[in-house]
Amino acid sequence: CWEVRKHNSSEWCRFVQSNPDCRLDGGFLNYLEGVFCVFPPRLLPLAVTLYALWLLYLFIILGVTAEKFFCPNLSAISTNLKLSHNVAASLTSPLHGVTFLAFGNGAPDVFSAVVAFSDPRTAGLAIGAVFGAGVFVTTVVAGGIALVKPFTAASRPFLRDVIFYMVAVFLTFMVLYFGRITLGEALGYLGLYIFYVFTVVLCTWIHRRQRGEGLAPPGPWEPEMPTDAEERESSGVSSGDYGEEYRPLLPPHETSLRILATALSPLDHRRWRRKPWYWRLFKVFKVPVELVLLLTVPVVDPDKDDLNWKRPLNCLHVLTSPLLCVLTLKSGAYGLYQIQGVFPVWGLVTLVGSVLGIIIFITTSNEEPPKYHCVFAFLGFLASAMWINAAATELVNILRTLGVIFQLSNTVLGLTLLAWGNSIGDTFSDLTMARQGYPRMAFSACFGGIIFNILVGVGLGCLLQMTSSQPVVKLEPDSLLVWILAGALGLSLVFSFVAVPAQCFQLGKAYGVCLILYYLAFLCVALLTEFRVIRLSTS
């Protein structure tokens, strides 16, 4: 499809429509036909600008959905499954951290990888994003933490995570070298992550036995943990965004209509007045997304007395959430399917959802949540996952379109735009955590979180593309850039693996500067390779 720009501008549309390689699988919009058929050639810069703005907005959709809807519902599910958040009281807290929390934080990365692996033409995006995000997080973010607040790294978790990550990178390097991944290798990725989870829990259990289950402050071998109040304050993920902090302790009796209007308001006027201008500007862009998400995704909050039960809105969710799922699954193909050629699936879902919503509204009250309210957490988890999947599909398609327009490889788009977009949330949260006095925890998150992304992203992404007749997925590197990317990630891990213990785990500004300079050098080499300034000699 890259050949389209080599033709006369009058032939662009016909070429895109007739070339099978220009067909975008999945997604609601055909971006290639939009830029080459809808916009005249002289307005190509305008089309690119609109696509770039839409790309940024898709990252906002991914971030808001994961932060305020996907992660809270995962937390509610883990609470219902009796997975404790208390660090000192239970061994299940590390299990929560490396499973539910990792899944919540890595959801945009994993969904983007799964979508990209679904088409051999965009598999380079997944490889570029997985490796690119790894290089970015382990150099720029880790170096930024050392610059913001020099600290003593947690030795055992650091060495454990770096070793596992190096093994994961080596496995991916071998898969790229052979150009394919088999069913056993895909299951091996997921098995290695399960083994990593087991190792984390086992190490925590051994360490706590050595400490005699005491509540002494953590030493330099383990990351410090903030209190629940500090977690809520630092994360910024609370219902306070919607006015909860101003609600009286004993609220008066409210009508269902007022409860619905309050629950659907993503903006609190008193909070708005005391925030800086840039927060307000960003909030303006997020309000439409939050409003649609509030309409379609229920959120259960175990920390509230009423578990965030909003009777009229939750009854509406019984209709909107399943409707959202069928209309976003396979870009609406299942939702528009006609049963017996007569009745559409979305019509049946609307009918059943309306009846269930009315029954729940009649049999419940505004003041007390029903006993089955925990079911709404699973419904919210599924609905938010469908939102993330839909946004990730559009994200991959628009990146592929930009690659065709500018004749850039999927790998360079993955290691830059997709990797930066998916990592920006982790960057801000880790640096904020470091400023607030928890640099060891932020540093541990740099290496622990991306293990989930590479092992589950590659393993699950390839596993879902395999069939009984074709239990192999081809992953052939399309350029020298893939090997530079894999080598850069491996070299950065080896550098940290050697340099951190050599400094007795005392990390300061010199370490941070070295990591950031390393990333800038890597980026320069990657871009020079993409534009063929650096190339392999064919002689």
# chains A, B, ... in the order shown; residues from 1 in each chain; ligands from 1
call {"tool": "residues_around", "arguments": {"residues": "A:Gly134", "least_positions_apart": "4", "cutoff": "8 Å", "atoms": "only C-alpha atoms", "output": "PyMOL selection string"}}
result
chain A and resi 130+138+450+489
call {"tool": "closest_residue", "arguments": {"among": "A:Pro157, A:Gly357, A:Pro344, A:Pro276", "to": "A:Gly448", "atoms": "only C-alpha atoms"}}
result
A:Pro157
call {"tool": "residues_around", "arguments": {"residues": "stretch 65-75 of chain A", "least_positions_apart": "4", "cutoff": "7 Å", "atoms": "only C-alpha atoms", "output": "PDB file with N, CA, C and O atoms, in the first residue's frame"}}
result
ATOM      1  N   ILE A  61      -8.812   8.763  25.513  1.00  0.00           N
ATOM      2  CA  ILE A  61      -9.862   7.778  25.750  1.00  0.00           C
ATOM      3  C   ILE A  61      -9.290   6.541  26.440  1.00  0.00           C
ATOM      4  O   ILE A  61      -9.860   6.030  27.421  1.00  0.00           O
ATOM      5  N   THR A  79     -11.346  -7.421  45.413  1.00  0.00           N
ATOM      6  CA  THR A  79     -11.880  -7.371  46.770  1.00  0.00           C
ATOM      7  C   THR A  79     -12.946  -8.448  46.971  1.00  0.00           C
ATOM      8  O   THR A  79     -12.980  -9.130  47.998  1.00  0.00           O
ATOM      9  N   PHE A 100      -3.875  -8.268  39.047  1.00  0.00           N
ATOM     10  CA  PHE A 100      -4.934  -7.311  38.788  1.00  0.00           C
ATOM     11  C   PHE A 100      -4.397  -5.914  38.520  1.00  0.00           C
ATOM     12  O   PHE A 100      -4.814  -5.239  37.571  1.00  0.00           O
ATOM     13  N   GLY A 104      -4.513  -3.889  35.042  1.00  0.00           N
ATOM     14  CA  GLY A 104      -5.153  -2.581  34.930  1.00  0.00           C
ATOM     15  C   GLY A 104      -4.237  -1.540  34.328  1.00  0.00           C
ATOM     16  O   GLY A 104      -4.620  -0.808  33.410  1.00  0.00           O
ATOM     17  N   ALA A 107      -3.330  -2.443  30.533  1.00  0.00           N
ATOM     18  CA  ALA A 107      -4.426  -2.753  29.618  1.00  0.00           C
ATOM     19  C   ALA A 107      -4.270  -2.084  28.252  1.00  0.00           C
ATOM     20  O   ALA A 107      -4.414  -2.750  27.217  1.00  0.00           O
ATOM     21  N   VAL A 237      -7.155   9.021  41.419  1.00  0.00           N
ATOM     22  CA  VAL A 237      -8.250   8.223  40.894  1.00  0.00           C
ATOM     23  C   VAL A 237      -9.253   8.030  42.002  1.00  0.00           C
ATOM     24  O   VAL A 237      -9.173   7.112  42.787  1.00  0.00           O
ATOM     25  N   VAL A 299     -19.342   1.416  37.790  1.00  0.00           N
ATOM     26  CA  VAL A 299     -18.147   1.349  38.622  1.00  0.00           C
ATOM     27  C   VAL A 299     -18.568   0.996  40.041  1.00  0.00           C
ATOM     28  O   VAL A 299     -19.408   1.674  40.633  1.00  0.00           O
ATOM     29  N   VAL A 300     -17.991  -0.054  40.588  1.00  0.00           N
ATOM     30  CA  VAL A 300     -18.258  -0.467  41.967  1.00  0.00           C
ATOM     31  C   VAL A 300     -17.068  -0.043  42.824  1.00  0.00           C
ATOM     32  O   VAL A 300     -15.922  -0.319  42.470  1.00  0.00           O
ATOM     33  N   ASP A 301     -17.349   0.647  43.928  1.00  0.00           N
ATOM     34  CA  ASP A 301     -16.293   1.131  44.819  1.00  0.00           C
ATOM     35  C   ASP A 301     -16.454   0.501  46.196  1.00  0.00           C
ATOM     36  O   ASP A 301     -17.313   0.919  46.976  1.00  0.00           O
ATOM     37  N   ALA A 377     -19.561  -4.989  38.969  1.00  0.00           N
ATOM     38  CA  ALA A 377     -18.120  -4.829  38.794  1.00  0.00           C
ATOM     39  C   ALA A 377     -17.641  -5.640  37.592  1.00  0.00           C
ATOM     40  O   ALA A 377     -16.810  -5.171  36.801  1.00  0.00           O
ATOM     41  N   GLY A 380     -18.921  -3.885  34.515  1.00  0.00           N
ATOM     42  CA  GLY A 380     -18.108  -2.707  34.243  1.00  0.00           C
ATOM     43  C   GLY A 380     -16.737  -3.066  33.704  1.00  0.00           C
ATOM     44  O   GLY A 380     -16.205  -2.377  32.826  1.00  0.00           O
ATOM     45  N   PHE A 381     -16.145  -4.159  34.226  1.00  0.00           N
ATOM     46  CA  PHE A 381     -14.863  -4.634  33.716  1.00  0.00           C
ATOM     47  C   PHE A 381     -14.979  -5.005  32.235  1.00  0.00           C
ATOM     48  O   PHE A 381     -14.145  -4.628  31.410  1.00  0.00           O
ATOM     49  N   SER A 384     -15.647  -1.744  30.054  1.00  0.00           N
ATOM     50  CA  SER A 384     -14.452  -0.905  29.909  1.00  0.00           C
ATOM     51  C   SER A 384     -13.405  -1.597  29.045  1.00  0.00           C
ATOM     52  O   SER A 384     -12.689  -0.938  28.272  1.00  0.00           O
ATOM     53  N   ALA A 385     -13.311  -2.940  29.137  1.00  0.00           N
ATOM     54  CA  ALA A 385     -12.386  -3.673  28.273  1.00  0.00           C
ATOM     55  C   ALA A 385     -12.785  -3.530  26.810  1.00  0.00           C
ATOM     56  O   ALA A 385     -11.921  -3.394  25.928  1.00  0.00           O
ATOM     57  N   ILE A 388     -11.676  -0.093  25.657  1.00  0.00           N
ATOM     58  CA  ILE A 388     -10.231  -0.054  25.425  1.00  0.00           C
ATOM     59  C   ILE A 388      -9.881  -0.778  24.130  1.00  0.00           C
ATOM     60  O   ILE A 388      -9.052  -0.301  23.340  1.00  0.00           O
TER      61      ILE A 388
END
call {"tool": "select_by_dssp", "arguments": {"residues": "stretch 298-437 of chain A", "states": "alpha helix (DSSP H)", "output": "PyMOL selection string"}}
result
chain A and resi 311-328+345-363+375-406+410-413+419-435
call {"tool": "residues_around", "arguments": {"residues": "A:Gly128", "least_positions_apart": "5", "cutoff": "10 Å", "atoms": "only C-alpha atoms", "output": "PyMOL selection string"}}
result
chain A and resi 113+123+133-134+409-419+481-482+485-486
